[in-house]
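Containing compact mmCIF, C-alpha atoms: model.txt.
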# COMPACT_ATOMS: atom_id res chain seq x y z
CA MET P 137 105.55 210.30 48.38
CA LEU P 138 107.80 207.53 47.11
CA GLU P 139 106.83 205.39 44.17
CA GLU P 140 106.06 201.74 44.89
CA ILE P 141 109.48 200.13 45.44
CA PRO P 142 109.84 196.42 44.59
CA ASP P 143 110.48 194.33 47.70
CA ILE P 144 113.47 192.74 46.00
CA VAL P 145 115.10 196.20 45.89
CA ILE P 146 114.35 196.77 49.58
CA GLY P 147 115.89 193.37 50.24
CA ARG P 148 119.23 194.45 48.81
CA LEU P 149 119.52 197.63 50.89
CA PRO P 150 120.54 195.84 54.12
CA ILE P 151 123.25 194.05 52.13
CA TYR P 152 124.57 197.39 50.90
CA LEU P 153 124.32 198.78 54.42
CA ARG P 154 126.34 195.91 55.89
CA ALA P 155 129.08 196.24 53.27
CA LEU P 156 129.25 200.02 53.71
CA THR P 157 129.37 199.65 57.50
CA ASN P 158 132.27 197.21 57.17
CA MET P 159 134.05 199.76 54.97
CA ALA P 160 133.41 202.49 57.52
CA VAL P 161 134.63 200.35 60.41
CA ASN P 162 137.80 199.46 58.54
CA GLY P 163 138.10 203.17 57.92
CA GLU P 164 140.55 203.10 55.05
CA LYS P 165 138.72 205.74 53.05
CA LEU P 166 135.72 208.03 52.98
CA THR P 167 134.19 207.26 49.60
CA THR P 168 133.33 204.23 47.49
CA SER P 169 131.77 203.54 44.10
CA SER P 170 128.95 201.37 42.83
CA HIS P 171 131.68 199.44 41.02
CA GLU P 172 133.64 198.71 44.20
CA LEU P 173 130.51 197.87 46.16
CA GLY P 174 129.37 195.60 43.36
CA GLU P 175 132.69 193.76 43.26
CA ARG P 176 132.43 193.02 46.97
CA LEU P 177 128.87 191.81 46.76
CA GLY P 178 128.74 190.05 43.41
CA ILE P 179 126.06 192.46 42.23
CA SER P 180 126.43 194.57 39.08
CA SER P 181 127.24 198.24 39.57
CA ALA P 182 124.31 199.11 37.28
CA GLN P 183 121.96 197.23 39.61
CA ILE P 184 123.28 199.09 42.63
CA ARG P 185 122.89 202.49 40.94
CA LYS P 186 119.38 201.56 39.81
CA ASP P 187 118.38 200.36 43.29
CA LEU P 188 119.62 203.53 44.95
CA SER P 189 118.05 205.78 42.28
CA HIS P 190 114.61 204.79 43.63
CA PHE P 191 115.40 206.90 46.67
CA GLY P 192 117.36 209.85 45.32
CA GLU P 193 120.79 210.96 44.15
CA PHE P 194 123.44 209.73 46.57
CA GLY P 195 126.62 209.78 44.55
CA LYS P 196 128.49 212.04 42.22
CA GLN P 197 129.97 211.16 38.88
CA GLY P 198 133.70 210.84 39.49
CA THR P 199 133.78 210.94 43.31
CA GLY P 200 131.25 208.18 43.99
CA TYR P 201 129.43 207.78 47.32
CA HIS P 202 130.44 209.26 50.65
CA ILE P 203 130.34 206.10 52.78
CA ASN P 204 129.06 207.63 56.01
CA TYR P 205 126.45 209.72 54.22
CA LEU P 206 125.11 206.73 52.30
CA ILE P 207 125.01 204.67 55.52
CA GLU P 208 122.93 207.38 57.16
CA GLN P 209 120.59 207.60 54.18
CA LEU P 210 120.07 203.84 54.03
CA ARG P 211 119.36 203.74 57.75
CA GLN P 212 116.72 206.42 57.31
CA ILE P 213 115.15 204.69 54.31
CA LEU P 214 114.97 201.37 56.17
CA HIS P 215 113.80 203.06 59.41
CA LEU P 216 116.91 201.89 61.17
CA ASP P 217 117.63 205.36 62.58
CA ARG P 218 115.93 204.16 65.78
CA GLU P 219 115.84 200.97 67.84
CA TRP P 220 112.93 198.59 67.28
CA PRO P 221 111.90 196.46 70.25
CA VAL P 222 111.39 192.86 69.14
CA ALA P 223 109.57 190.01 70.87
CA LEU P 224 111.18 186.60 70.72
CA ILE P 225 108.71 183.74 70.83
CA GLY P 226 110.08 180.37 71.85
CA ALA P 227 112.85 179.73 74.37
CA GLY P 228 114.27 176.56 72.81
CA HIS P 229 117.75 176.27 71.31
CA ILE P 230 117.18 178.93 68.64
CA GLY P 231 115.52 181.23 71.15
CA HIS P 232 118.43 180.86 73.57
CA ALA P 233 120.94 181.54 70.80
CA LEU P 234 119.08 184.66 69.65
CA ALA P 235 118.45 186.01 73.14
CA SER P 236 122.20 185.85 73.75
CA TYR P 237 123.16 187.08 70.26
CA ASN P 238 125.22 190.24 70.37
CA GLY P 239 124.67 191.18 66.72
CA PHE P 240 121.45 193.19 67.17
CA GLN P 241 122.94 196.18 68.94
CA HIS P 242 123.62 199.23 66.78
CA ARG P 243 121.81 197.56 63.90
CA GLY P 244 118.30 198.68 64.81
CA PHE P 245 116.94 196.05 67.18
CA ARG P 246 116.65 195.05 70.80
CA ILE P 247 115.12 191.79 71.99
CA ALA P 248 112.70 193.19 74.54
CA TRP P 249 110.43 190.27 75.46
CA LEU P 250 110.76 186.52 75.47
CA PHE P 251 107.78 184.15 75.57
CA ASP P 252 107.44 180.39 75.92
CA ASN P 253 104.56 178.02 76.55
CA ASP P 254 106.47 175.74 78.93
CA PRO P 255 105.50 176.57 82.55
CA ALA P 256 108.80 175.08 83.73
CA LYS P 257 110.70 177.71 81.76
CA VAL P 258 108.63 180.73 82.78
CA GLY P 259 110.59 183.06 85.03
CA GLN P 260 114.01 181.75 83.97
CA MET P 261 116.42 184.39 82.69
CA VAL P 262 117.92 184.12 79.21
CA GLY P 263 120.28 186.75 77.87
CA GLY P 264 119.14 189.07 80.66
CA LEU P 265 115.43 188.64 79.92
CA PRO P 266 112.83 186.72 81.93
CA ILE P 267 110.83 184.09 80.05
CA GLN P 268 107.17 185.16 80.12
CA PRO P 269 104.20 182.84 79.64
CA ILE P 270 102.90 182.72 76.08
CA THR P 271 99.43 183.45 77.47
CA GLU P 272 100.63 187.00 78.14
CA MET P 273 101.93 187.47 74.59
CA VAL P 274 98.98 189.16 72.89
CA GLU P 275 98.33 191.51 75.80
CA THR P 276 102.01 192.51 76.07
CA LEU P 277 102.42 193.05 72.32
CA ASN P 278 99.26 195.16 72.17
CA ARG P 279 100.22 197.25 75.17
CA GLU P 280 103.70 197.91 73.80
CA LYS P 281 102.52 198.31 70.20
CA THR P 282 105.25 195.89 69.16
CA GLN P 283 105.53 195.50 65.40
CA MET P 284 108.14 192.75 64.98
CA VAL P 285 108.61 189.26 66.37
CA VAL P 286 111.07 186.46 65.88
CA LEU P 287 109.20 183.17 65.84
CA ALA P 288 111.33 180.27 67.09
CA VAL P 289 108.74 177.66 68.00
CA PRO P 290 108.22 174.11 66.69
CA ALA P 291 106.61 173.81 63.26
CA ALA P 292 103.40 172.42 64.75
CA ALA P 293 102.86 175.50 66.93
CA ALA P 294 103.83 178.22 64.45
CA GLN P 295 100.55 178.81 62.60
CA GLU P 296 98.49 179.06 65.77
CA ILE P 297 100.83 181.73 67.09
CA ALA P 298 100.83 183.53 63.73
CA ASP P 299 97.01 183.66 63.96
CA GLN P 300 97.31 185.31 67.38
CA LEU P 301 99.91 187.76 66.10
CA ALA P 302 97.50 188.82 63.36
CA GLN P 303 95.30 190.30 66.12
CA THR P 304 98.08 192.63 67.27
CA TYR P 305 100.18 195.49 65.85
CA ILE P 306 102.69 192.98 64.47
CA ARG P 307 103.73 193.71 60.89
CA ALA P 308 106.89 191.65 60.56
CA ILE P 309 107.75 188.07 61.48
CA LEU P 310 111.16 186.46 61.18
CA ASN P 311 110.16 182.81 61.06
CA TYR P 312 112.58 180.06 62.12
CA ALA P 313 109.90 177.34 62.09
CA PRO P 314 110.30 175.15 59.00
CA VAL P 315 106.76 175.81 57.83
CA HIS P 316 104.94 178.29 55.60
CA LEU P 317 102.79 180.77 57.58
CA ASN P 318 99.43 182.05 56.38
CA VAL P 319 99.12 185.66 57.48
CA PRO P 320 97.13 188.71 56.39
CA PRO P 321 98.79 190.79 53.64
CA HIS P 322 99.86 193.60 56.00
CA ILE P 323 102.24 191.21 57.81
CA HIS P 324 105.63 190.57 56.19
CA VAL P 325 107.23 187.20 56.83
CA ARG P 326 110.86 186.28 56.19
CA HIS P 327 111.81 182.66 56.58
CA ASN P 328 115.20 181.82 58.11
CA ASP P 329 115.78 178.64 56.15
CA PRO P 330 119.38 177.38 56.30
CA VAL P 331 118.70 174.88 53.51
CA ILE P 332 118.08 177.68 50.98
CA GLN P 333 121.52 179.08 51.82
CA MET P 334 123.12 175.64 51.60
CA GLN P 335 121.44 174.89 48.26
CA ARG P 336 122.88 178.09 46.89
CA MET P 337 126.37 176.67 47.39
CA THR P 338 125.97 173.09 46.11
CA PHE P 339 126.22 174.44 42.55
CA TYR P 340 129.92 175.03 43.26
CA LEU P 341 130.72 171.67 44.84
CA ASP P 342 132.82 169.09 43.05
CA THR P 343 130.46 166.30 42.02
CA SER P 344 133.36 164.03 41.13
CA LEU P 345 134.27 163.92 44.85
CA ALA P 346 130.73 163.30 46.02
CA VAL P 347 130.27 160.27 48.17
CA GLY P 348 126.54 160.77 48.60
CA SER P 349 124.09 158.44 46.91
CA ARG P 350 122.37 159.58 43.75
CA MET L 277 130.16 173.85 29.02
CA LEU L 278 127.92 176.41 30.62
CA GLU L 279 128.66 180.10 30.36
CA GLU L 280 129.71 181.83 33.59
CA ILE L 281 126.48 182.20 35.56
CA PRO L 282 126.23 185.15 37.98
CA ASP L 283 126.05 183.97 41.59
CA ILE L 284 122.97 186.13 42.13
CA VAL L 285 121.16 183.98 39.54
CA ILE L 286 122.30 180.77 41.27
CA GLY L 287 121.01 182.29 44.50
CA ARG L 288 117.46 182.56 43.16
CA LEU L 289 117.24 178.94 41.98
CA PRO L 290 116.71 177.47 45.48
CA ILE L 291 113.88 179.98 45.97
CA TYR L 292 112.24 178.81 42.76
CA LEU L 293 112.81 175.21 43.80
CA ARG L 294 111.14 175.73 47.16
CA ALA L 295 108.11 177.42 45.61
CA LEU L 296 107.77 174.72 42.94
CA THR L 297 108.12 171.98 45.57
CA ASN L 298 105.34 173.61 47.60
CA MET L 299 103.18 173.65 44.46
CA ALA L 300 103.96 169.98 43.80
CA VAL L 301 103.18 169.00 47.40
CA ASN L 302 99.88 170.85 47.29
CA GLY L 303 99.30 168.99 44.05
CA GLU L 304 96.57 171.18 42.61
CA LYS L 305 98.02 171.20 39.14
CA LEU L 306 100.85 169.99 36.95
CA THR L 307 102.01 173.18 35.31
CA THR L 308 102.80 176.76 36.29
CA SER L 309 104.01 179.92 34.56
CA SER L 310 106.78 182.42 35.17
CA HIS L 311 103.97 184.88 35.88
CA GLU L 312 102.41 182.73 38.63
CA LEU L 313 105.79 181.89 40.14
CA GLY L 314 106.75 185.57 40.06
CA GLU L 315 103.53 186.60 41.80
CA ARG L 316 104.25 184.18 44.64
CA LEU L 317 107.83 185.29 45.05
CA GLY L 318 107.67 189.00 44.38
CA ILE L 319 110.07 188.58 41.45
CA SER L 320 109.24 189.71 37.93
CA SER L 321 108.29 186.99 35.44
CA ALA L 322 110.88 188.41 33.02
CA GLN L 323 113.60 187.89 35.66
CA ILE L 324 112.53 184.29 36.21
CA ARG L 325 112.52 183.52 32.48
CA LYS L 326 115.92 185.17 32.09
CA ASP L 327 117.38 183.25 35.06
CA LEU L 328 116.16 179.91 33.73
CA SER L 329 117.30 180.69 30.17
CA HIS L 330 120.91 180.44 31.37
CA PHE L 331 120.36 176.69 31.69
CA GLY L 332 118.10 175.82 28.79
CA GLU L 333 114.51 175.86 27.57
CA PHE L 334 112.22 174.59 30.31
CA GLY L 335 108.82 175.95 29.40
CA LYS L 336 106.58 176.28 26.41
CA GLN L 337 104.80 179.39 25.21
CA GLY L 338 101.19 178.88 26.26
CA THR L 339 101.53 175.84 28.51
CA GLY L 340 104.27 177.15 30.83
CA TYR L 341 106.46 174.90 32.98
CA HIS L 342 105.76 171.32 33.98
CA ILE L 343 106.26 171.62 37.74
CA ASN L 344 107.82 168.21 38.38
CA TYR L 345 110.08 168.45 35.36
CA LEU L 346 111.35 171.88 36.36
CA ILE L 347 111.94 170.65 39.94
CA GLU L 348 114.02 167.80 38.59
CA GLN L 349 116.01 170.11 36.32
CA LEU L 350 116.71 172.60 39.12
CA ARG L 351 117.83 169.79 41.41
CA GLN L 352 120.26 168.61 38.75
CA ILE L 353 121.58 172.12 38.08
CA LEU L 354 122.15 172.73 41.78
CA HIS L 355 123.59 169.20 42.31
CA LEU L 356 120.76 168.37 44.66
CA ASP L 357 120.01 165.10 42.91
CA ARG L 358 122.13 163.42 45.60
CA GLU L 359 122.63 163.79 49.37
CA TRP L 360 125.58 165.88 50.56
CA PRO L 361 127.07 164.94 53.92
CA VAL L 362 127.63 168.08 55.99
CA ALA L 363 129.78 168.60 59.07
CA LEU L 364 128.36 170.75 61.83
CA ILE L 365 130.99 172.57 63.85
CA GLY L 366 129.92 173.80 67.27
CA ALA L 367 127.49 172.07 69.61
CA GLY L 368 126.08 175.15 71.31
CA HIS L 369 122.49 176.33 71.01
CA ILE L 370 122.59 176.79 67.22
CA GLY L 371 124.40 173.49 66.78
CA HIS L 372 121.80 171.68 68.87
CA ALA L 373 118.98 173.28 66.94
CA LEU L 374 120.50 172.36 63.58
CA ALA L 375 121.45 168.81 64.59
CA SER L 376 117.81 168.23 65.53
CA TYR L 377 116.39 170.15 62.53
CA ASN L 378 114.17 167.97 60.36
CA GLY L 379 114.25 170.26 57.33
CA PHE L 380 117.39 168.85 55.67
CA GLN L 381 115.97 165.54 54.58
CA HIS L 382 114.88 165.30 50.94
CA ARG L 383 116.46 168.67 50.28
CA GLY L 384 119.96 167.45 49.56
CA PHE L 385 121.73 167.33 52.92
CA ARG L 386 122.48 165.13 55.89
CA ILE L 387 124.32 166.29 59.00
CA ALA L 388 126.93 163.56 59.19
CA TRP L 389 129.44 164.80 61.79
CA LEU L 390 129.33 167.10 64.77
CA PHE L 391 132.42 168.67 66.34
CA ASP L 392 133.00 170.74 69.46
CA ASN L 393 136.06 171.88 71.37
CA ASP L 394 134.56 171.33 74.83
CA PRO L 395 135.90 168.04 76.29
CA ALA L 396 132.85 167.88 78.56
CA LYS L 397 130.58 167.67 75.51
CA VAL L 398 132.57 165.11 73.52
CA GLY L 399 130.75 161.80 73.29
CA GLN L 400 127.33 163.26 74.06
CA MET L 401 124.64 162.46 71.51
CA VAL L 402 122.78 165.29 69.75
CA GLY L 403 120.16 164.55 67.12
CA GLY L 404 121.45 160.99 66.90
CA LEU L 405 125.08 162.05 66.37
CA PRO L 406 127.99 161.81 68.81
CA ILE L 407 129.92 165.02 69.48
CA GLN L 408 133.49 164.51 68.27
CA PRO L 409 136.51 166.49 69.47
CA ILE L 410 137.41 169.42 67.22
CA THR L 411 140.97 168.07 67.12
CA GLU L 412 139.65 165.27 64.88
CA MET L 413 137.93 167.69 62.48
CA VAL L 414 140.58 168.12 59.78
CA GLU L 415 141.41 164.43 59.67
CA THR L 416 137.76 163.38 59.46
CA LEU L 417 136.90 165.95 56.79
CA ASN L 418 139.89 164.94 54.68
CA ARG L 419 139.18 161.23 55.00
CA GLU L 420 135.51 161.72 54.05
CA LYS L 421 136.27 164.34 51.37
CA THR L 422 133.56 166.52 52.94
CA GLN L 423 132.88 169.70 50.98
CA MET L 424 130.39 171.58 53.14
CA VAL L 425 130.28 172.63 56.79
CA VAL L 426 127.92 174.61 58.95
CA LEU L 427 129.96 176.80 61.29
CA ALA L 428 128.15 177.50 64.55
CA VAL L 429 130.95 178.55 66.86
CA PRO L 430 131.53 181.82 68.78
CA ALA L 431 132.76 184.77 66.72
CA ALA L 432 136.19 184.64 68.38
CA ALA L 433 136.80 181.06 67.24
CA ALA L 434 135.40 181.26 63.69
CA GLN L 435 138.43 182.52 61.74
CA GLU L 436 140.81 180.00 63.26
CA ILE L 437 138.49 177.17 62.24
CA ALA L 438 138.02 178.67 58.77
CA ASP L 439 141.81 178.62 58.39
CA GLN L 440 141.82 174.91 59.22
CA LEU L 441 138.96 174.25 56.82
CA ALA L 442 140.99 175.86 54.04
CA GLN L 443 143.40 172.90 54.33
CA THR L 444 140.64 170.40 53.52
CA TYR L 445 138.24 169.62 50.65
CA ILE L 446 135.73 172.13 52.05
CA ARG L 447 134.26 174.42 49.39
CA ALA L 448 131.19 175.78 51.16
CA ILE L 449 130.63 177.24 54.63
CA LEU L 450 127.31 178.29 56.09
CA ASN L 451 128.51 180.69 58.76
CA TYR L 452 126.38 181.44 61.84
CA ALA L 453 129.15 183.31 63.63
CA PRO L 454 128.54 187.08 63.49
CA VAL L 455 131.89 187.76 61.86
CA HIS L 456 133.32 188.05 58.35
CA LEU L 457 135.53 185.09 57.37
CA ASN L 458 138.66 185.43 55.27
CA VAL L 459 138.90 182.33 53.09
CA PRO L 460 140.58 181.40 49.81
CA PRO L 461 138.51 182.17 46.68
CA HIS L 462 137.54 178.52 46.06
CA ILE L 463 135.52 178.47 49.31
CA HIS L 464 132.02 179.93 49.19
CA VAL L 465 130.68 181.44 52.39
CA ARG L 466 127.06 182.30 53.13
CA HIS L 467 126.36 184.20 56.32
CA ASN L 468 123.22 183.33 58.28
CA ASP L 469 122.59 186.81 59.64
CA PRO L 470 119.11 187.29 61.12
CA VAL L 471 119.59 191.05 61.28
CA ILE L 472 119.76 191.32 57.48
CA GLN L 473 116.38 189.62 57.30
CA MET L 474 114.95 191.85 60.02
CA GLN L 475 116.29 195.01 58.36
CA ARG L 476 114.52 194.02 55.17
CA MET L 477 111.20 194.32 57.01
CA THR L 478 111.63 197.55 58.97
CA PHE L 479 110.93 199.50 55.76
CA TYR L 480 107.31 198.38 56.15
CA LEU L 481 106.87 199.18 59.85
CA ASP L 482 104.73 202.06 61.01
CA THR L 483 107.11 204.72 62.28
CA SER L 484 104.25 206.68 63.85
CA LEU L 485 103.78 203.79 66.29
CA ALA L 486 107.46 203.46 67.10
CA VAL L 487 108.31 203.73 70.76
CA GLY L 488 112.03 203.28 70.22
CA SER L 489 114.40 206.18 70.72
CA ARG L 490 115.69 208.00 67.68

As structure tokens:
Amino acid sequence: MLEEIPDIVIGRLPIYLRALTNMAVNGEKLTTSSHELGERLGISSAQIRKDLSHFGEFGKQGTGYHINYLIEQLRQILHLDREWPVALIGAGHIGHALASYNGFQHRGFRIAWLFDNDPAKVGQMVGGLPIQPITEMVETLNREKTQMVVLAVPAAAAQEIADQLAQTYIRAILNYAPVHLNVPPHIHVRHNDPVIQMQRMTFYLDTSLAVGSR
Amino acid sequence: MLEEIPDIVIGRLPIYLRALTNMAVNGEKLTTSSHELGERLGISSAQIRKDLSHFGEFGKQGTGYHINYLIEQLRQILHLDREWPVALIGAGHIGHALASYNGFQHRGFRIAWLFDNDPAKVGQMVGGLPIQPITEMVETLNREKTQMVVLAVPAAAAQEIADQLAQTYIRAILNYAPVHLNVPPHIHVRHNDPVIQMQRMTFYLDTSLAVGSR
């Protein structure tokens, strides 16, 4: 049984996985080090070693990490050694973009269902999937024991849908609605908030060039 | 002159700012503590105190942080005490969603220009903005001394546009294209990658329920 791992540690593992996968795809070499990985990611090598030590011994002093082995281990730890079917809720602009997004494949996910509350949209195909009525959502999710959804509905509709999701097997919500969701503690929510990413970069902008009003 | 601050520290400040702003909007109280903030965010209180200590002394032993004061300080540190005009490149589904997104206001940003390479789209209005031809991008960005763009173009087009952006004042790119961008070191890139957020949550899913193939 694993100790309780801080969520912030879990949150760094996909970042490591993506960097390692890029290394493997480029295929220049078979091993890497916490130092090299840290340089790429702007994370200290000590942090990387500490994060990985929660899960075992993956590297060797001197030779470092075998890239493909560490990829496989991280995929197992994160339960990405299978494909998770995901329901996409909301067939607006974000929903269309995600349904057609080709970045899910081989990374653990497949958009399997698409729901919308607009009767005019029901039956239309998006990214190879038919839009189903939102009234069928709870029944479908329960039947399929779906555990993850992407929520791409207007802010005003998001909480009501989150309340419905709480009655299903759902344990993870990627929320694109610009609103905080109240959910039971067994449901994890990540908020896709572009402004947080943009605010992380304003620190580096040149304020002497700024034309914006203070 | 500030010491060199690790980017990972800068990256947590917007998260603190969002949580503090939510506290201020709810308006229950005037002060908070690193402990309370940490509980909300799943970050240790020691980490929060250490992060903030890079920039000064913001709290008092016993009384904690004045919420509005700390908000104001974080906004100054991150240069969010003004409004940054942002160019949005790509008027596809993501571009439409972002141009109509109401979450930028009061958080430091305004989508000021919208570019696309499709002549059929040029001149159309999206979220109150006319779509301009991509051929005018470099000239417009240079004239306006724009420093930030959101890149929402297909993967195949992203690098070519990034190369053009490198000839302008641009210092920050929020990249929605599922591809790594090669840019000069003075340009910061953040990748909006929904899969990273989804992979952070699969750790918590119930693998005994999984119907996906291994």

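Closest approach to L:Gln323 from the set L:Val285, L:Val301, L:Ile343, L:Leu354 is made by L:Val285, with distances taken over all atoms listed in the file.
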
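Rounded to one decimal, atom CA of L:Val459 and atom CA of L:Ala442 lie 6.9 Å from each other.
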
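For the choices L:Pro290, L:Gly340, L:Pro454, L:Gly303, the atom-to-atom distance to L:Leu317 is smallest for L:Pro290 when using all atoms listed in the file.
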
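For the atom pair formed by atom CA of L:Val414 and atom CA of L:Ala433, the distance is 15.4 Å, given to one decimal.
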
- Distance query P:Tyr205 at most 10 Å, only C-alpha atoms, self and fewer than 5 positions along chain excluded, as a ChimeraX atom specification: /P:166-167,194-195,210-211

- Task: With a distance cut-off of 12 Å and all atoms listed in the file, select the neighbouring residues of P:Leu216, excluding the residue or stretch itself and same-chain residues fewer than 2 positions from it, and output the selection as a PyMOL selection string.
- Result: (chain P and resi 149-150+153+207-214+218-221+240-246) or (chain L and resi 471-472+474-481+483+486+488-490)

- Tell me which protein, DNA and RNA residues are within 9 Å of stretch 235-238 of chain P, counting all atoms listed in the file, leaving out same-chain ones fewer than 5 positions away, and put them as a PyMOL selection string. (chain P and resi 224+227+230+247+250+262-265) or (chain L and resi 454)

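Take atom CA of L:Leu328 and atom CA of L:Ile463: the distance between them is 24.9 Å.
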
Taking (103.8, 186.8, 63.2) as a centre in this file's frame and 6 Å as the limit, can you find every polymer residue with an atom that close, using all atoms listed in the file, and give them as a short mmCIF file (atom, residue, chain, number, x, y, z; two decimals) with C-alpha atoms, in the coordinates of the input?
data_model
loop_
_atom_site.label_atom_id
_atom_site.label_comp_id
_atom_site.auth_asym_id
_atom_site.auth_seq_id
_atom_site.Cartn_x
_atom_site.Cartn_y
_atom_site.Cartn_z
CA ALA P 298 100.83 183.53 63.73
CA LEU P 301 99.91 187.76 66.10
CA ILE P 309 107.75 188.07 61.48
#

- Item | Residue among L:Leu296, L:His342, L:Ile319, L:Pro395 lying closest to chain P, counting all atoms listed in the file | L:Ile319

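Comparing P:Met284, P:Ala155, P:Val222, P:Ile141 by their smallest distance to P:Phe191, the closest is P:Ile141 (using all atoms listed in the file).
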
- Proximity to chain P - best of L:Thr416, L:Thr411, L:Gln440, L:Thr422, all atoms listed in the file: L:Thr422

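When the distance limit is 8 Å and all atoms listed in the file are what count, the residues near P:Leu287, minus those fewer than 6 positions from it on the same chain, are Leu224, Ile225, Gly226, Ala294, Ile309, Leu310, Asn311, Tyr312 and Ala313 of chain P.
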